[in-house]
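A quick write-up on the structure given underneath.
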Amino acid sequence: GLDRVLPVTLKNYKAMLKRFPVLALLHHRPGQGDRAAQRHHEMEELVLELAAQVLEDKGVGFGLVDSEKDAAVAKKLGKGDTPTAPHPPGT
């Protein structure tokens, strides 16, 4: 199906801010090999996907920021190892 929760990178960050009036981001660490942590991450993605389906018509977008792979985006957002709150466009 259609993937509504998108990975956020330096290349697509500004485009996503323009595309969605409201952009909610989840800042996460990649799976660390622990089965329970991996399962937790999969559940988070499923919940975000459901929320994205429900709120798609309202102009709300959802993205994932990988703290290692996309550290530059996380730094730009001023986030360390904590989850992000919804991020207003243009900030």
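Scheme for the structure tokens: letters A, B, ... for chains in order shown; per-chain residue numbers from 1; ligand numbers from 1 in order shown.
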Which residues, written as a PyMOL selection string, have at least one atom at most 12 Å from Ala52 (chain A), with only C-alpha atoms counted and residues fewer than 2 positions away on the same chain left out? chain A and resi 2-6+20+22-25+45-50+54-63
What are the DSSP strand (DSSP E or B) residues of chain A, as number ranges by chain? A: 5-7, 22-28, 60-66, 87
Could you give me, as a PyMOL selection string, the residues within 7 Å of Val73 (chain A), counting only C-alpha atoms and dropping anything in the same chain fewer than 4 positions from it? chain A and resi 9-10+77
Using only N, CA, C and O atoms, please write the residues we just selected to a file, as a PDB file, in the first residue's frame.
ATOM      1  N   THR A   9      14.957  13.344   5.475  1.00  0.00           N
ATOM      2  CA  THR A   9      16.389  13.520   5.231  1.00  0.00           C
ATOM      3  C   THR A   9      16.646  15.000   4.965  1.00  0.00           C
ATOM      4  O   THR A   9      15.711  15.788   4.803  1.00  0.00           O
ATOM      5  N   LEU A  10      17.917  15.366   4.896  1.00  0.00           N
ATOM      6  CA  LEU A  10      18.241  16.757   4.552  1.00  0.00           C
ATOM      7  C   LEU A  10      17.697  17.124   3.182  1.00  0.00           C
ATOM      8  O   LEU A  10      17.291  18.253   2.945  1.00  0.00           O
ATOM      9  N   LEU A  77      16.890  20.295  13.806  1.00  0.00           N
ATOM     10  CA  LEU A  77      15.683  20.423  14.613  1.00  0.00           C
ATOM     11  C   LEU A  77      15.998  20.681  16.082  1.00  0.00           C
ATOM     12  O   LEU A  77      15.087  20.914  16.875  1.00  0.00           O
TER      13      LEU A  77
END
Write out as a PyMOL selection string each polymer residue whose atoms come within 12 Å of Lys11 (chain A), counting only C-alpha atoms; drop sequence neighbours fewer than 6 positions from it. chain A and resi 17+70+72-73
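The coordinates place CA of Val65 (chain A) at 6.0 Å from CA of Leu26 (chain A).
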